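Shown next: data_21.cif, containing mmCIF, N, CA and C atoms.
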data_entry
#
loop_
_atom_site.label_atom_id
_atom_site.label_comp_id
_atom_site.auth_asym_id
_atom_site.auth_seq_id
_atom_site.Cartn_x
_atom_site.Cartn_y
_atom_site.Cartn_z
N MET G 709 125.09 108.01 -62.34
CA MET G 709 123.84 107.44 -62.77
C MET G 709 123.86 105.92 -62.59
N GLU G 710 122.71 105.36 -62.32
CA GLU G 710 122.67 103.93 -62.06
C GLU G 710 122.87 103.12 -63.35
N LYS G 711 123.35 101.90 -63.21
CA LYS G 711 123.49 101.02 -64.37
C LYS G 711 122.11 100.50 -64.72
N ARG G 712 121.89 100.32 -66.00
CA ARG G 712 120.59 99.84 -66.46
C ARG G 712 120.74 99.20 -67.82
N LYS G 713 119.67 98.57 -68.26
CA LYS G 713 119.65 98.03 -69.62
C LYS G 713 119.64 99.20 -70.59
N GLU G 714 119.93 98.92 -71.85
CA GLU G 714 119.96 99.98 -72.85
C GLU G 714 118.59 100.62 -73.00
N GLY G 715 118.59 101.87 -73.32
CA GLY G 715 117.36 102.61 -73.56
C GLY G 715 117.44 103.99 -72.93
N PHE G 716 116.71 104.94 -73.49
CA PHE G 716 116.78 106.31 -72.99
C PHE G 716 115.68 106.62 -71.99
N TYR G 717 114.88 105.62 -71.62
CA TYR G 717 113.86 105.82 -70.61
C TYR G 717 113.60 104.51 -69.88
N LYS G 718 112.98 104.64 -68.72
CA LYS G 718 112.48 103.48 -68.01
C LYS G 718 111.30 103.93 -67.17
N THR G 719 110.48 103.00 -66.77
CA THR G 719 109.33 103.34 -65.94
C THR G 719 109.71 103.16 -64.47
N SER G 720 109.04 103.92 -63.63
CA SER G 720 109.20 103.78 -62.19
C SER G 720 107.83 103.96 -61.57
N LYS G 721 107.74 103.73 -60.28
CA LYS G 721 106.44 103.88 -59.62
C LYS G 721 105.97 105.32 -59.63
N ASP G 722 106.90 106.28 -59.79
CA ASP G 722 106.54 107.70 -59.78
C ASP G 722 106.27 108.29 -61.16
N GLY G 723 106.64 107.58 -62.21
CA GLY G 723 106.46 108.09 -63.57
C GLY G 723 107.46 107.47 -64.51
N ILE G 724 107.94 108.26 -65.45
CA ILE G 724 108.92 107.80 -66.43
C ILE G 724 110.23 108.52 -66.15
N ILE G 725 111.33 107.78 -66.16
CA ILE G 725 112.65 108.38 -66.02
C ILE G 725 113.23 108.52 -67.43
N LEU G 726 113.57 109.74 -67.80
CA LEU G 726 114.14 110.05 -69.11
C LEU G 726 115.62 110.36 -68.91
N PHE G 727 116.48 109.66 -69.64
CA PHE G 727 117.92 109.84 -69.54
C PHE G 727 118.40 110.72 -70.69
N VAL G 728 119.12 111.77 -70.35
CA VAL G 728 119.51 112.79 -71.32
C VAL G 728 120.99 113.13 -71.14
N HIS G 729 121.68 113.32 -72.24
CA HIS G 729 123.05 113.86 -72.22
C HIS G 729 122.95 115.28 -72.75
N CYS G 730 123.24 116.26 -71.91
CA CYS G 730 123.08 117.67 -72.27
C CYS G 730 124.37 118.28 -72.80
N ARG G 731 124.20 119.13 -73.79
CA ARG G 731 125.33 119.86 -74.37
C ARG G 731 124.98 121.35 -74.31
N PRO G 732 125.45 122.06 -73.28
CA PRO G 732 125.13 123.49 -73.14
C PRO G 732 125.90 124.34 -74.14
N ASN G 733 125.51 125.61 -74.23
CA ASN G 733 126.14 126.59 -75.12
C ASN G 733 126.02 126.22 -76.60
N ALA G 734 124.95 125.55 -76.96
CA ALA G 734 124.72 125.18 -78.36
C ALA G 734 124.08 126.35 -79.10
N LYS G 735 124.01 126.26 -80.42
CA LYS G 735 123.38 127.32 -81.21
C LYS G 735 121.89 127.39 -80.98
N LYS G 736 121.26 126.23 -80.73
CA LYS G 736 119.83 126.21 -80.46
C LYS G 736 119.52 125.06 -79.50
N THR G 737 118.35 125.12 -78.92
CA THR G 737 117.91 124.07 -78.00
C THR G 737 117.07 123.07 -78.78
N CYS G 738 117.50 121.81 -78.78
CA CYS G 738 116.75 120.76 -79.49
C CYS G 738 117.30 119.39 -79.11
N PHE G 739 116.45 118.37 -79.28
CA PHE G 739 116.95 117.00 -79.21
C PHE G 739 117.79 116.80 -80.45
N ASP G 740 118.94 116.16 -80.27
CA ASP G 740 119.93 116.09 -81.34
C ASP G 740 120.32 114.67 -81.68
N GLY G 741 119.50 113.70 -81.35
CA GLY G 741 119.81 112.31 -81.64
C GLY G 741 120.04 111.53 -80.36
N MET G 742 120.71 110.41 -80.51
CA MET G 742 121.02 109.56 -79.37
C MET G 742 122.46 109.80 -78.93
N TYR G 743 122.68 109.63 -77.65
CA TYR G 743 124.04 109.64 -77.09
C TYR G 743 124.31 108.21 -76.67
N GLY G 744 125.00 107.48 -77.50
CA GLY G 744 125.19 106.05 -77.25
C GLY G 744 123.85 105.34 -77.32
N ASP G 745 123.69 104.33 -76.50
CA ASP G 745 122.43 103.59 -76.46
C ASP G 745 121.57 103.97 -75.27
N ASN G 746 122.08 104.83 -74.39
CA ASN G 746 121.43 105.03 -73.11
C ASN G 746 120.86 106.41 -72.85
N ALA G 747 120.93 107.33 -73.79
CA ALA G 747 120.43 108.67 -73.51
C ALA G 747 120.10 109.42 -74.81
N LEU G 748 119.14 110.33 -74.70
CA LEU G 748 118.90 111.27 -75.77
C LEU G 748 119.92 112.39 -75.65
N LYS G 749 120.37 112.90 -76.77
CA LYS G 749 121.28 114.04 -76.76
C LYS G 749 120.44 115.30 -76.83
N LEU G 750 120.65 116.21 -75.88
CA LEU G 750 119.89 117.46 -75.84
C LEU G 750 120.85 118.63 -75.91
N SER G 751 120.80 119.38 -77.00
CA SER G 751 121.60 120.60 -77.14
C SER G 751 120.82 121.73 -76.48
N LEU G 752 121.52 122.53 -75.69
CA LEU G 752 120.90 123.63 -74.96
C LEU G 752 121.61 124.93 -75.28
N LYS G 753 120.84 125.94 -75.61
CA LYS G 753 121.42 127.25 -75.90
C LYS G 753 121.99 127.89 -74.63
N ALA G 754 121.40 127.59 -73.49
CA ALA G 754 121.81 128.19 -72.21
C ALA G 754 123.19 127.71 -71.78
N PRO G 755 123.90 128.56 -71.06
CA PRO G 755 125.20 128.15 -70.50
C PRO G 755 125.01 127.33 -69.23
N PRO G 756 126.02 126.56 -68.85
CA PRO G 756 125.90 125.72 -67.65
C PRO G 756 126.27 126.47 -66.38
N VAL G 757 125.70 127.64 -66.19
CA VAL G 757 125.97 128.44 -64.98
C VAL G 757 124.66 128.85 -64.33
N ASP G 758 124.68 128.97 -63.02
CA ASP G 758 123.51 129.41 -62.25
C ASP G 758 122.25 128.61 -62.56
N ASN G 759 122.42 127.33 -62.85
CA ASN G 759 121.29 126.41 -63.10
C ASN G 759 120.52 126.76 -64.38
N LYS G 760 121.06 127.62 -65.22
CA LYS G 760 120.35 128.05 -66.44
C LYS G 760 120.11 126.89 -67.40
N ALA G 761 121.11 126.06 -67.61
CA ALA G 761 120.95 124.94 -68.54
C ALA G 761 119.92 123.94 -68.02
N ASN G 762 119.93 123.67 -66.72
CA ASN G 762 118.94 122.74 -66.15
C ASN G 762 117.53 123.28 -66.31
N LYS G 763 117.35 124.57 -66.05
CA LYS G 763 116.02 125.18 -66.20
C LYS G 763 115.56 125.13 -67.65
N GLU G 764 116.48 125.39 -68.57
CA GLU G 764 116.12 125.33 -69.99
C GLU G 764 115.79 123.90 -70.41
N ALA G 765 116.53 122.92 -69.89
CA ALA G 765 116.24 121.52 -70.21
C ALA G 765 114.84 121.14 -69.73
N ILE G 766 114.50 121.52 -68.52
CA ILE G 766 113.16 121.22 -67.98
C ILE G 766 112.09 121.89 -68.82
N SER G 767 112.28 123.14 -69.14
CA SER G 767 111.32 123.88 -69.95
C SER G 767 111.15 123.27 -71.33
N TYR G 768 112.27 122.91 -71.98
CA TYR G 768 112.21 122.32 -73.31
C TYR G 768 111.52 120.96 -73.29
N ILE G 769 111.92 120.10 -72.35
CA ILE G 769 111.31 118.77 -72.27
C ILE G 769 109.82 118.88 -72.02
N ALA G 770 109.41 119.75 -71.10
CA ALA G 770 107.98 119.95 -70.82
C ALA G 770 107.25 120.42 -72.07
N GLY G 771 107.84 121.35 -72.80
CA GLY G 771 107.22 121.85 -74.02
C GLY G 771 107.05 120.78 -75.08
N VAL G 772 108.10 119.99 -75.29
CA VAL G 772 108.03 118.91 -76.29
C VAL G 772 106.96 117.88 -75.90
N LEU G 773 106.87 117.58 -74.61
CA LEU G 773 105.93 116.56 -74.15
C LEU G 773 104.52 117.10 -73.93
N GLY G 774 104.36 118.41 -73.97
CA GLY G 774 103.04 119.00 -73.80
C GLY G 774 102.53 118.90 -72.36
N ILE G 775 103.44 119.00 -71.41
CA ILE G 775 103.08 118.94 -70.00
C ILE G 775 103.63 120.17 -69.29
N SER G 776 103.21 120.38 -68.06
CA SER G 776 103.71 121.55 -67.33
C SER G 776 105.14 121.29 -66.84
N LYS G 777 105.87 122.38 -66.61
CA LYS G 777 107.23 122.26 -66.10
C LYS G 777 107.25 121.57 -64.74
N GLY G 778 106.17 121.68 -63.99
CA GLY G 778 106.08 121.01 -62.70
C GLY G 778 106.02 119.50 -62.79
N ASP G 779 105.72 118.99 -63.98
CA ASP G 779 105.67 117.53 -64.20
C ASP G 779 107.00 116.98 -64.69
N VAL G 780 108.02 117.83 -64.77
CA VAL G 780 109.38 117.42 -65.16
C VAL G 780 110.31 117.80 -64.02
N MET G 781 110.96 116.80 -63.43
CA MET G 781 111.83 117.07 -62.29
C MET G 781 113.22 116.49 -62.56
N LEU G 782 114.24 117.29 -62.34
CA LEU G 782 115.61 116.80 -62.46
C LEU G 782 115.87 115.85 -61.30
N LYS G 783 116.10 114.60 -61.64
CA LYS G 783 116.28 113.56 -60.61
C LYS G 783 117.75 113.38 -60.25
N ALA G 784 118.62 113.44 -61.25
CA ALA G 784 120.06 113.25 -61.01
C ALA G 784 120.84 114.00 -62.08
N GLY G 785 122.04 114.47 -61.70
CA GLY G 785 122.94 115.10 -62.65
C GLY G 785 122.89 116.61 -62.67
N ARG G 786 122.60 117.22 -61.53
CA ARG G 786 122.46 118.67 -61.49
C ARG G 786 123.65 119.40 -62.10
N SER G 787 124.87 118.95 -61.85
CA SER G 787 126.05 119.63 -62.38
C SER G 787 126.81 118.77 -63.39
N ALA G 788 126.15 117.77 -63.93
CA ALA G 788 126.78 116.87 -64.91
C ALA G 788 126.07 116.97 -66.25
N ARG G 789 126.72 116.48 -67.28
CA ARG G 789 126.06 116.43 -68.59
C ARG G 789 125.04 115.31 -68.65
N LYS G 790 125.34 114.20 -67.97
CA LYS G 790 124.39 113.09 -67.92
C LYS G 790 123.35 113.39 -66.85
N LYS G 791 122.09 113.43 -67.27
CA LYS G 791 121.02 113.79 -66.35
C LYS G 791 119.87 112.79 -66.50
N SER G 792 119.12 112.66 -65.43
CA SER G 792 117.87 111.90 -65.52
C SER G 792 116.76 112.79 -65.00
N PHE G 793 115.64 112.74 -65.71
CA PHE G 793 114.48 113.54 -65.38
C PHE G 793 113.30 112.63 -65.08
N LEU G 794 112.57 112.93 -64.03
CA LEU G 794 111.34 112.23 -63.72
C LEU G 794 110.22 112.96 -64.45
N ILE G 795 109.48 112.22 -65.26
CA ILE G 795 108.39 112.77 -66.05
C ILE G 795 107.09 112.20 -65.51
N ARG G 796 106.16 113.07 -65.18
CA ARG G 796 104.84 112.63 -64.68
C ARG G 796 103.75 113.11 -65.62
N GLY G 797 102.64 112.40 -65.60
CA GLY G 797 101.44 112.87 -66.30
C GLY G 797 101.31 112.41 -67.74
N ILE G 798 102.20 111.55 -68.22
CA ILE G 798 102.06 111.01 -69.57
C ILE G 798 102.42 109.53 -69.57
N THR G 799 102.02 108.85 -70.63
CA THR G 799 102.34 107.43 -70.80
C THR G 799 103.60 107.30 -71.67
N ILE G 800 104.13 106.09 -71.71
CA ILE G 800 105.28 105.81 -72.59
C ILE G 800 104.92 106.12 -74.04
N ASP G 801 103.73 105.70 -74.47
CA ASP G 801 103.31 105.95 -75.85
C ASP G 801 103.26 107.45 -76.15
N GLU G 802 102.77 108.25 -75.21
CA GLU G 802 102.72 109.70 -75.39
C GLU G 802 104.12 110.29 -75.43
N LEU G 803 105.01 109.78 -74.59
CA LEU G 803 106.40 110.23 -74.58
C LEU G 803 107.03 109.98 -75.94
N LEU G 804 106.91 108.77 -76.45
CA LEU G 804 107.54 108.42 -77.72
C LEU G 804 106.92 109.21 -78.88
N ALA G 805 105.59 109.37 -78.87
CA ALA G 805 104.93 110.14 -79.93
C ALA G 805 105.40 111.59 -79.92
N SER G 806 105.54 112.17 -78.75
CA SER G 806 106.00 113.55 -78.65
C SER G 806 107.43 113.71 -79.14
N ILE G 807 108.29 112.77 -78.78
CA ILE G 807 109.68 112.83 -79.25
C ILE G 807 109.74 112.62 -80.75
N ASN G 808 108.90 111.73 -81.28
CA ASN G 808 108.84 111.53 -82.73
C ASN G 808 108.53 112.82 -83.46
N LYS G 809 107.68 113.65 -82.88
CA LYS G 809 107.29 114.92 -83.52
C LYS G 809 108.45 115.89 -83.65
N THR G 810 109.52 115.69 -82.88
CA THR G 810 110.68 116.58 -82.97
C THR G 810 111.55 116.25 -84.17
N GLY G 811 111.26 115.16 -84.87
CA GLY G 811 112.06 114.76 -86.01
C GLY G 811 113.00 113.61 -85.72
N LEU G 812 112.91 113.03 -84.54
CA LEU G 812 113.78 111.91 -84.17
C LEU G 812 113.02 110.59 -84.32
N LYS G 813 112.32 110.42 -85.42
CA LYS G 813 111.45 109.26 -85.61
C LYS G 813 112.16 107.93 -85.46
N GLY G 814 113.34 107.78 -86.02
CA GLY G 814 114.06 106.51 -85.94
C GLY G 814 114.47 106.14 -84.54
N ILE G 815 114.68 107.10 -83.70
CA ILE G 815 115.13 106.83 -82.33
C ILE G 815 114.09 106.05 -81.56
N CYS G 816 112.86 106.51 -81.61
CA CYS G 816 111.81 105.87 -80.81
C CYS G 816 111.44 104.50 -81.36
N ARG G 817 111.49 104.34 -82.66
CA ARG G 817 111.17 103.05 -83.24
C ARG G 817 112.24 102.02 -82.92
N LEU G 818 113.49 102.45 -82.91
CA LEU G 818 114.59 101.51 -82.77
C LEU G 818 115.05 101.34 -81.33
N SER G 819 114.52 102.16 -80.42
CA SER G 819 115.01 102.08 -79.05
C SER G 819 114.60 100.77 -78.40
N PRO G 820 115.46 100.21 -77.57
CA PRO G 820 115.10 98.98 -76.88
C PRO G 820 113.98 99.24 -75.89
N PRO G 821 113.21 98.23 -75.56
CA PRO G 821 112.11 98.44 -74.62
C PRO G 821 112.64 98.82 -73.24
N ALA G 822 111.90 99.68 -72.58
CA ALA G 822 112.25 100.06 -71.21
C ALA G 822 111.86 98.92 -70.27
N TYR G 823 112.37 98.95 -69.08
CA TYR G 823 112.01 97.94 -68.11
C TYR G 823 111.53 98.62 -66.84
N GLU G 824 110.82 97.89 -66.04
CA GLU G 824 110.30 98.46 -64.80
C GLU G 824 111.21 98.13 -63.66
N GLU G 825 111.20 99.01 -62.64
CA GLU G 825 112.01 98.80 -61.44
C GLU G 825 111.47 97.63 -60.64
#

Hey, can you dump this file as structure tokens for me?
Amino acid sequence: MEKRKEGFYKTSKDGIILFVHCRPNAKKTCFDGMYGDNALKLSLKAPPVDNKANKEAISYIAGVLGISKGDVMLKAGRSARKKSFLIRGITIDELLASINKTGLKGICRLSPPAYEE
């Protein structure tokens, strides 16, 4: 993954890049807090085989954000825990509001501002 300033998202010309640290084989699928300063922690019930965890991550993120799965694309980290997703069709404010609804209110308020490419 590329080096960047702190924060779990940044804007790009194509949309929003969301940085996530995935933990497969969890008891349930949910955002689980921050992973350091640079990523959201995402627990996934799916195992990391046959792309199951990646598909579940895309489906979960799309559901939380209220967008179609086609608007969430795995950009980097196909076989790694550290992943980046390209999110289209929403604004930063909508992204943060949607994540706040999952119960991670302090994360979005305290996160450093994203920067543009």

Per-residue DSSP, chain G, filtered to strand (DSSP E), as JSON, numbers by chain: {"G": [717, 718, 719, 720, 723, 724, 725, 726, 727, 728, 729, 730, 731, 738, 739, 740, 741, 742, 743, 747, 748, 749, 750, 751, 780, 781, 782, 783, 784, 790, 791, 792, 793, 794, 795]}

Within 8 Å of range 759-761 of chain G using all atoms listed in the file, minus same-chain residues under 5 positions, as a list in words: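 The contact residues come out as Arg731, Pro732, Asn733, Leu752, Lys753, Ala754, Ile766, Ser767 and Arg786 of chain G.
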
Distance criterion (only C-alpha atoms): nearest to His729 in chain G out of G:Glu764, G:Val772, G:Arg789, G:Met781: G:Arg789

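Picture a line from CA of Ala770 in chain G to CA of Ala747 in chain G; it runs 17.0 Å.
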
Between CA of Cys738 in chain G and atom C of Tyr768 in chain G, distance in Å (one decimal):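 Separation between CA of Cys738 in chain G and atom C of Tyr768 in chain G: 8.1 Å.
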
Atom N of Asp745 in chain G to atom N of Thr799 in chain G, straight-line distance in Å: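 Distance reported for this atom pair: 22.9 Å.
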
Selection dump of the PyMOL selection byres (((chain G and resi 722 and name CA) around 12) and name CA), as a VMD selection string: chain G and resid 718 to 721 723 to 725 779 to 781 783 793 to 799 824 to 825

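Proximity ranking of G:Ser792, G:Ser751, G:Ser787, G:Asn762 relative to Phe727 in chain G places G:Ser792 first, based on only C-alpha atoms.
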